[in-house]
>>> print(open('model.tsv').read())   # TSV, C-alpha atoms
chain	number	residue	atom	x	y	z
A	1	MET	CA	23.64	158.27	5.62
A	2	ASP	CA	22.98	154.94	3.91
A	3	THR	CA	23.33	156.55	0.52
A	4	ASN	CA	26.84	157.67	1.45
A	5	VAL	CA	28.05	154.15	2.14
A	6	PRO	CA	28.55	153.06	-1.50
A	7	ASN	CA	30.30	156.37	-2.26
A	8	ALA	CA	32.59	155.87	0.70
A	9	LEU	CA	33.35	152.33	-0.44
A	10	ILE	CA	34.09	153.48	-3.97
A	11	ARG	CA	36.34	156.19	-2.57
A	12	ALA	CA	38.16	153.78	-0.30
A	13	GLU	CA	38.68	151.36	-3.18
A	14	ARG	CA	39.87	154.18	-5.39
A	15	ASP	CA	42.27	155.38	-2.70
A	16	VAL	CA	43.77	151.89	-2.33
A	17	GLY	CA	44.28	151.58	-6.11
A	18	PHE	CA	45.65	155.07	-6.29
A	19	GLY	CA	48.04	154.47	-3.38
A	20	ALA	CA	49.49	151.49	-5.22
A	21	ARG	CA	50.00	153.60	-8.35
A	22	VAL	CA	51.77	156.28	-6.29
A	23	THR	CA	54.14	153.66	-4.90
A	24	GLU	CA	54.93	152.36	-8.39
A	25	ASN	CA	55.55	155.75	-9.96
A	26	GLN	CA	56.71	158.15	-7.24
A	27	ARG	CA	60.45	157.66	-7.67
A	28	ARG	CA	60.41	158.09	-11.45
A	29	VAL	CA	58.12	161.13	-11.26
A	30	PHE	CA	60.41	162.73	-8.69
A	31	ARG	CA	63.45	161.97	-10.86
A	32	ILE	CA	61.89	163.49	-13.96
A	33	ALA	CA	61.09	166.66	-12.03
A	34	TYR	CA	64.51	166.71	-10.38
A	35	GLY	CA	66.26	166.21	-13.73
A	36	ILE	CA	64.79	169.50	-14.89
A	37	LEU	CA	64.69	171.51	-11.68
A	38	GLY	CA	67.80	170.22	-9.92
A	39	ASN	CA	66.27	170.94	-6.57
A	40	SER	CA	64.70	168.47	-4.17
A	41	ALA	CA	62.09	170.78	-2.68
A	42	ASP	CA	60.85	172.00	-6.06
A	43	ALA	CA	60.91	168.49	-7.49
A	44	GLU	CA	58.87	167.19	-4.55
A	45	GLU	CA	56.27	169.93	-4.98
A	46	VAL	CA	55.96	169.16	-8.66
A	47	ALA	CA	55.68	165.43	-7.98
A	48	GLN	CA	52.96	166.07	-5.42
A	49	GLU	CA	51.05	168.25	-7.88
A	50	VAL	CA	51.36	165.50	-10.50
A	51	PHE	CA	49.75	162.94	-8.21
A	52	LEU	CA	47.02	165.37	-7.13
A	53	ARG	CA	46.11	165.89	-10.77
A	54	ALA	CA	46.32	162.17	-11.40
A	55	TYR	CA	43.90	161.53	-8.52
A	56	ARG	CA	41.32	163.86	-10.07
A	57	LYS	CA	41.62	161.97	-13.36
A	58	PHE	CA	42.03	158.55	-11.81
A	59	ALA	CA	38.74	157.26	-13.22
A	60	SER	CA	40.25	157.46	-16.71
A	61	LEU	CA	43.74	156.37	-15.65
A	62	ARG	CA	42.94	152.98	-14.14
A	63	GLU	CA	45.31	151.05	-16.40
A	64	ALA	CA	48.83	150.95	-15.02
A	65	GLU	CA	50.45	151.77	-18.39
A	66	LYS	CA	48.13	154.70	-19.01
A	67	PHE	CA	48.79	156.02	-15.52
A	68	ARG	CA	52.54	155.65	-15.93
A	69	ALA	CA	52.64	157.44	-19.29
A	70	TRP	CA	50.34	160.18	-18.05
A	71	VAL	CA	52.26	160.98	-14.85
A	72	ASN	CA	55.58	160.95	-16.73
A	73	ARG	CA	54.27	163.46	-19.25
A	74	ILE	CA	52.66	165.72	-16.67
A	75	ALA	CA	55.74	165.63	-14.43
A	76	PHE	CA	57.88	166.76	-17.34
A	77	ARG	CA	55.51	169.58	-18.32
A	78	LEU	CA	54.93	170.84	-14.79
A	79	ALA	CA	58.65	170.79	-14.07
A	80	LEU	CA	59.34	172.77	-17.25
A	81	ASN	CA	56.64	175.29	-16.31
A	82	ARG	CA	58.11	175.69	-12.86
A	83	GLN	CA	61.61	176.04	-14.28
A	84	ARG	CA	60.39	178.85	-16.57
A	85	ALA	CA	58.75	180.57	-13.61
A	86	LEU	CA	61.91	180.21	-11.55
A	87	ARG	CA	64.05	181.51	-14.38
A	88	ARG	CA	62.09	184.68	-14.42
A	89	ARG	CA	62.95	185.30	-10.79
A	90	LEU	CA	66.33	183.71	-10.32
A	91	ALA	CA	69.50	183.10	-12.19
A	92	ARG	CA	69.33	179.84	-14.05
A	93	GLU	CA	69.73	176.87	-11.78
A	94	THR	CA	70.88	173.82	-13.65
A	95	ALA	CA	69.72	170.33	-13.09
A	96	TRP	CA	73.25	169.13	-12.86
A	97	GLN	CA	74.90	171.48	-10.43
A	98	ALA	CA	72.37	171.89	-7.68
A	99	ALA	CA	73.37	172.68	-4.15
A	100	GLY	CA	73.87	169.54	-2.16
A	101	MET	CA	74.47	167.49	-5.28
A	102	PRO	CA	78.07	166.48	-4.44
A	103	ASP	CA	76.79	164.77	-1.31
A	104	ALA	CA	74.11	163.08	-3.33
A	105	VAL	CA	76.58	161.55	-5.76
A	106	ASP	CA	77.44	158.30	-4.09
A	107	GLY	CA	79.74	155.52	-5.13
A	108	MET	CA	82.47	157.63	-6.70
A	109	ARG	CA	85.94	156.48	-5.90
A	110	ASN	CA	87.88	159.71	-5.64
A	111	ALA	CA	88.00	163.48	-6.04
A	112	ASP	CA	89.26	163.10	-9.62
A	113	GLU	CA	86.11	161.24	-10.53
A	114	ARG	CA	84.03	163.95	-8.87
A	115	ILE	CA	85.71	166.55	-11.04
A	116	GLN	CA	85.10	164.47	-14.14
A	117	VAL	CA	81.43	164.15	-13.23
A	118	GLU	CA	81.21	167.90	-12.73
A	119	GLN	CA	82.82	168.45	-16.12
A	120	LEU	CA	80.42	165.98	-17.68
A	121	ARG	CA	77.45	167.79	-16.12
A	122	ASN	CA	78.69	171.03	-17.60
A	123	GLU	CA	79.05	169.38	-21.00
A	124	ILE	CA	75.50	168.04	-20.73
A	125	GLU	CA	74.26	171.51	-19.82
A	126	GLY	CA	75.94	172.79	-22.95
A	127	LEU	CA	74.07	170.36	-25.21
A	128	PRO	CA	71.21	171.68	-27.34
A	129	GLU	CA	67.98	171.47	-25.36
A	130	LYS	CA	66.41	168.79	-27.59
A	131	LEU	CA	69.37	166.48	-27.02
A	132	ARG	CA	69.72	167.34	-23.34
A	133	ARG	CA	66.08	166.49	-22.56
A	134	VAL	CA	66.34	163.15	-24.29
A	135	LEU	CA	69.56	162.34	-22.46
A	136	GLN	CA	68.21	163.39	-19.07
A	137	LEU	CA	65.06	161.30	-19.44
A	138	SER	CA	66.92	158.32	-20.89
A	139	LEU	CA	69.20	158.24	-17.87
A	140	ILE	CA	66.27	157.57	-15.56
A	141	GLU	CA	66.66	153.86	-15.06
A	142	ASP	CA	63.23	152.53	-15.97
A	143	MET	CA	62.60	154.85	-18.90
A	144	ASP	CA	63.09	153.28	-22.32
A	145	ALA	CA	63.01	155.05	-25.68
A	146	THR	CA	59.24	154.57	-25.96
A	147	ASP	CA	58.62	156.12	-22.52
A	148	VAL	CA	60.87	159.05	-23.33
A	149	GLY	CA	59.14	159.47	-26.68
A	150	VAL	CA	55.72	159.57	-25.01
A	151	VAL	CA	56.91	162.24	-22.57
A	152	LEU	CA	58.44	164.40	-25.30
A	153	GLY	CA	55.82	163.64	-27.93
A	154	ILE	CA	58.31	162.21	-30.43
A	155	PRO	CA	58.77	158.72	-31.95
A	156	ALA	CA	61.04	156.22	-30.18
A	157	GLY	CA	63.32	156.22	-33.26
A	158	THR	CA	63.87	159.95	-32.90
A	159	VAL	CA	64.68	159.43	-29.21
A	160	ARG	CA	67.35	156.86	-30.12
A	161	SER	CA	68.79	159.07	-32.81
A	162	ARG	CA	68.99	162.12	-30.51
A	163	LEU	CA	70.48	160.02	-27.72
A	164	HIS	CA	73.15	158.79	-30.10
A	165	THR	CA	73.94	162.35	-31.21
A	166	ALA	CA	74.10	163.52	-27.59
A	167	ARG	CA	76.53	160.75	-26.66
A	168	LYS	CA	78.62	161.50	-29.72
A	169	LEU	CA	78.89	165.18	-28.79
A	170	LEU	CA	79.82	164.29	-25.21
A	171	LEU	CA	82.40	161.80	-26.39
A	172	GLU	CA	83.91	164.44	-28.67
A	173	ALA	CA	83.99	166.96	-25.84
A	174	MET	CA	85.60	164.62	-23.34
A	175	THR	CA	89.33	164.90	-22.95
B	1	MET	CA	96.49	160.75	-36.55
B	2	LYS	CA	97.80	162.22	-39.77
B	3	ASN	CA	96.20	165.12	-41.59
B	4	ASP	CA	94.85	162.89	-44.36
B	5	CYS	CA	93.18	160.75	-41.70
B	6	ALA	CA	90.85	163.60	-40.70
B	7	LYS	CA	88.15	162.21	-42.99
B	8	TRP	CA	87.95	159.12	-40.75
B	9	LYS	CA	87.29	161.15	-37.60
B	10	ASP	CA	83.52	160.85	-37.71
B	11	GLN	CA	83.63	157.14	-38.50
B	12	LEU	CA	86.03	156.57	-35.63
B	13	LEU	CA	83.59	158.28	-33.26
B	14	GLU	CA	80.71	156.19	-34.65
B	15	SER	CA	82.76	153.02	-34.24
B	16	ALA	CA	83.63	153.86	-30.66
B	17	LEU	CA	79.96	154.51	-29.85
B	18	THR	CA	78.43	151.57	-31.70
B	19	LYS	CA	81.32	149.17	-31.00
B	20	THR	CA	81.31	148.10	-34.65
B	21	VAL	CA	83.91	148.81	-37.33
B	22	ALA	CA	82.90	149.25	-40.96
B	23	THR	CA	84.89	147.32	-43.60
B	24	ASP	CA	86.50	150.40	-45.17
B	25	LEU	CA	87.55	151.71	-41.76
B	26	GLN	CA	88.88	148.28	-40.83
B	27	GLU	CA	91.04	148.36	-43.94
B	28	HIS	CA	92.30	151.82	-43.08
B	29	LEU	CA	93.03	150.82	-39.48
B	30	SER	CA	95.15	147.88	-40.64
B	31	ARG	CA	97.37	150.34	-42.47
B	32	CYS	CA	97.21	153.30	-40.04
B	33	PRO	CA	98.53	152.85	-36.50
B	34	GLY	CA	97.61	156.47	-35.68
B	35	CYS	CA	93.94	155.90	-36.33
B	36	SER	CA	94.04	152.56	-34.49
B	37	GLU	CA	95.41	154.38	-31.48
B	38	GLU	CA	92.77	157.08	-31.86
B	39	LEU	CA	90.03	154.43	-31.95
B	40	ALA	CA	91.42	152.72	-28.87
B	41	ALA	CA	91.50	156.09	-27.06
B	42	LEU	CA	87.95	156.87	-28.14
B	43	CYS	CA	86.77	153.46	-26.93
B	44	ALA	CA	88.39	154.10	-23.56
B	45	ARG	CA	86.69	157.53	-23.41
B	46	ARG	CA	83.35	155.99	-24.32
B	47	GLU	CA	83.74	153.50	-21.47
B	48	ARG	CA	84.50	156.35	-19.11
B	49	LEU	CA	81.49	158.26	-20.41
B	50	ASP	CA	79.24	155.26	-19.82
B	51	ALA	CA	80.63	154.89	-16.32
B	52	LEU	CA	80.23	158.57	-15.43
B	53	LEU	CA	76.82	159.25	-16.98
B	54	PRO	CA	74.85	157.50	-14.22
B	55	PHE	CA	76.70	159.63	-11.66
B	56	ALA	CA	76.05	162.78	-13.63
B	57	ALA	CA	72.37	161.93	-13.64
B	58	GLN	CA	72.31	160.82	-10.02
B	59	VAL	CA	69.34	162.16	-8.17
B	60	PRO	CA	68.91	162.29	-4.40
B	61	GLU	CA	66.60	159.71	-2.95
B	62	LEU	CA	62.94	160.50	-2.75
B	63	PRO	CA	62.36	162.57	0.42
B	64	ALA	CA	61.19	160.44	3.33
B	65	GLY	CA	57.44	160.38	3.86
B	66	PHE	CA	56.72	161.55	0.32
B	67	ARG	CA	53.97	159.00	-0.25
B	68	THR	CA	52.26	159.87	3.03
B	69	ARG	CA	52.35	163.55	2.15
B	70	VAL	CA	50.89	162.84	-1.27
B	71	MET	CA	48.08	160.73	0.16
B	72	THR	CA	47.33	163.37	2.82
B	73	ALA	CA	47.20	166.10	0.17
B	74	VAL	CA	45.00	163.90	-2.00
B	75	GLU	CA	42.64	163.25	0.91
B	76	ALA	CA	42.46	166.96	1.73
B	77	ALA	CA	41.79	167.84	-1.91
B	78	SER	CA	39.17	165.13	-2.08
B	79	GLU	CA	37.43	166.52	1.05
B	80	ALA	CA	37.51	170.04	-0.37
B	81	GLU	CA	36.07	168.74	-3.62
B	82	ARG	CA	33.25	167.02	-1.75
B	83	GLY	CA	32.61	170.28	0.14
B	84	ARG	CA	32.41	172.16	-3.14
B	85	HIS	CA	30.16	169.44	-4.49
B	86	TRP	CA	27.68	169.93	-1.62
B	87	GLN	CA	27.93	173.71	-1.94
B	88	LEU	CA	26.97	173.42	-5.57
B	89	TRP	CA	24.02	171.18	-4.71
B	90	GLY	CA	22.92	173.67	-2.02
B	91	LEU	CA	23.12	176.53	-4.49
B	92	ALA	CA	21.18	174.54	-7.08
B	93	GLY	CA	18.51	173.71	-4.44
B	94	ALA	CA	18.16	177.35	-3.42
B	95	MET	CA	17.80	178.36	-7.07
B	96	ALA	CA	15.13	175.70	-7.57
B	97	VAL	CA	13.15	176.99	-4.54
B	98	ILE	CA	13.35	180.59	-5.81
B	99	VAL	CA	12.21	179.59	-9.31
B	100	ALA	CA	9.35	177.49	-7.92
B	101	THR	CA	8.22	180.36	-5.66
B	102	LEU	CA	8.27	182.76	-8.60
B	103	MET	CA	6.28	180.35	-10.77
B	104	ILE	CA	3.66	179.83	-8.07
B	105	GLY	CA	3.38	183.59	-7.49
B	106	LEU	CA	2.97	184.25	-11.21
B	107	THR	CA	0.30	181.57	-11.57
B	108	LEU	CA	-1.69	182.91	-8.60
B	109	HIS	CA	-1.42	186.44	-9.95
B	110	ARG	CA	-2.77	185.38	-13.35
B	111	LYS	CA	-5.66	183.54	-11.70
B	112	ALA	CA	-6.48	186.65	-9.65
B	113	ILE	CA	-6.68	188.73	-12.85
B	114	ARG	CA	-9.04	186.26	-14.48
B	115	ALA	CA	-11.42	186.22	-11.48
B	116	VAL	CA	-13.08	189.66	-12.14
B	117	PRO	CA	-16.86	189.42	-11.49
B	118	ASN	CA	-19.26	189.85	-14.46
B	119	THR	CA	-21.02	192.77	-12.81
B	120	GLU	CA	-17.74	194.67	-12.62
B	121	LEU	CA	-17.00	193.87	-16.25
B	122	ALA	CA	-20.43	195.17	-17.34
B	123	ALA	CA	-19.89	198.35	-15.36
B	124	ALA	CA	-16.50	198.83	-17.00
B	125	GLN	CA	-18.06	198.33	-20.44
B	126	LYS	CA	-20.70	200.96	-19.70
B	127	LEU	CA	-18.07	203.37	-18.52
B	128	ALA	CA	-16.14	202.91	-21.75
B	129	GLU	CA	-19.20	203.62	-23.87
B	130	TRP	CA	-20.33	206.67	-21.89
B	131	ARG	CA	-20.23	210.07	-23.66
B	132	ALA	CA	-20.46	213.37	-21.87
B	133	PRO	CA	-23.55	215.54	-22.80
B	134	SER	CA	-21.25	218.49	-23.51
B	135	ASP	CA	-19.84	216.59	-26.57
B	136	VAL	CA	-22.89	217.93	-28.54
B	137	LEU	CA	-21.80	221.53	-27.94
B	138	LEU	CA	-18.46	220.83	-29.62
B	139	GLU	CA	-20.20	220.14	-32.97
B	140	THR	CA	-20.18	223.11	-35.44
B	141	PRO	CA	-23.30	224.03	-37.41
B	142	GLY	CA	-22.86	223.18	-41.10
B	143	GLN	CA	-19.99	220.82	-40.20
B	144	GLU	CA	-20.91	218.46	-43.03
B	145	ILE	CA	-20.27	221.25	-45.61
B	146	LEU	CA	-16.91	222.03	-44.07
B	147	GLN	CA	-15.87	218.39	-44.23
B	148	SER	CA	-15.98	218.41	-48.06
B	149	THR	CA	-13.22	220.20	-49.97
B	150	PRO	CA	-14.49	222.52	-52.79
B	151	LYS	CA	-12.76	222.57	-56.16
B	152	PHE	CA	-11.33	225.78	-57.63
B	153	GLY	CA	-14.10	228.27	-58.63
B	154	LYS	CA	-16.75	226.35	-56.68
B	155	THR	CA	-18.42	227.37	-53.51
B	156	TYR	CA	-18.98	225.74	-50.16
B	157	LEU	CA	-22.64	226.49	-50.33
B	158	LYS	CA	-24.94	224.89	-52.80
B	159	ILE	CA	-27.58	227.62	-53.22
B	160	PRO	CA	-29.97	227.17	-56.11
B	161	VAL	CA	-29.86	230.23	-58.43
B	162	GLU	CA	-32.91	231.21	-60.49
B	163	VAL	CA	-32.06	232.63	-63.93
B	164	PRO	CA	-34.85	234.93	-65.48
B	165	LYS	CA	-36.12	233.60	-68.81
B	166	GLU	CA	-35.88	235.92	-71.87
B	167	LYS	CA	-39.03	236.99	-73.40
>>> encode(input="model.tsv", output="structure tokens")
Amino acid sequence: MDTNVPNALIRAERDVGFGARVTENQRRVFRIAYGILGNSADAEEVAQEVFLRAYRKFASLREAEKFRAWVNRIAFRLALNRQRALRRRLARETAWQAAGMPDAVDGMRNADERIQVEQLRNEIEGLPEKLRRVLQLSLIEDMDATDVGVVLGIPAGTVRSRLHTARKLLLEAMT
Amino acid sequence: MKNDCAKWKDQLLESALTKTVATDLQEHLSRCPGCSEELAALCARRERLDALLPFAAQVPELPAGFRTRVMTAVEAASEAERGRHWQLWGLAGAMAVIVATLMIGLTLHRKAIRAVPNTELAAAQKLAEWRAPSDVLLETPGQEILQSTPKFGKTYLKIPVEVPKEK
């Protein structure tokens, strides 16, 4: 039993470090998954899977920045995989018009604004996928162009350029 | 906006987005109230877009107890992994015991083969060299003659022939 004590200590220490990383990243990971899946339950499952995978690789993900970049990327990929799987079974469910979403949109002043938001969501859905992904990820509050670039595997400059194009198309489409 | 102002459309959009006005556009705006109005409208739209985008991207709050569920799942996965780890060690141990048993058995078997007494070996040698007395009966008389192949016109038998001398 004595030989198990150091292992248990290492595990406990690892769990504490890992718990802190979960706290730091959970909201963003959930948002990335939700942005693609548009469904809380699916997004939660994906986020949980992301952290399970991260735990198995935690020895090589000790650094906070490495961990953050890794979970962002994996969350995006797993959510896309799940979306593809769901698409095969169900009619396409958009990230921007999920059931329960109107209740989730807080802080809007009136019904007119709600309609405008709905219209904007539709416009975003109509954007080319490359632009839509960049826009969706950029709208997550603590994701800058570099973070988005790491997730999508493109340079930060390309992220900025696509974001600009996306905004331009939305501006053109707005009435 | 007049028809000949269509060429400024893209620049107007860019100006509204970047909040900067290029010199040539500035010049045009000073002469064209239509485009100035268009730019003002675009700027107002851009402001509305900026205000609405966060709402469009609004995501419900993280479900309550998410972290606890993650940590529980992680702990369960970790336990299962440890279980698998021990299973693997058990399997490896069993394999090692089987291999060791086989090696010991093989070594003992080889030793048993080597330990044949000299008397038995001598008897085996004698047995190998033994010929049955009936082997003699199988030999044909004149067998040596038959073993050589005669050439054409020659005979198997070498019988000396006496030729009478002429008187």
>>> closest_residue(input="model.tsv", among="B:Leu108, B:Ala57, B:Leu102, B:Val97", to="chain A", atoms="all atoms listed in the file")
B:Ala57
>>> atom_distance(input="model.tsv", atom1="atom CA of Glu61 of chain B", atom2="atom CA of Gln136 of chain A")
16.6 Å
>>> interface_residues(input="model.tsv", of="chain B", to="chain A", cutoff="12 Å", atoms="only C-alpha atoms", output="ChimeraX atom specification")
/B:9-18,38-39,41-79,81-82
>>> atom_distance(input="model.tsv", atom1="atom CA of Arg62 of chain A", atom2="atom CA of Thr158 of chain A")
29.0 Å
>>> atom_distance(input="model.tsv", atom1="atom CA of Arg133 of chain A", atom2="atom CA of Ala156 of chain A")
13.7 Å
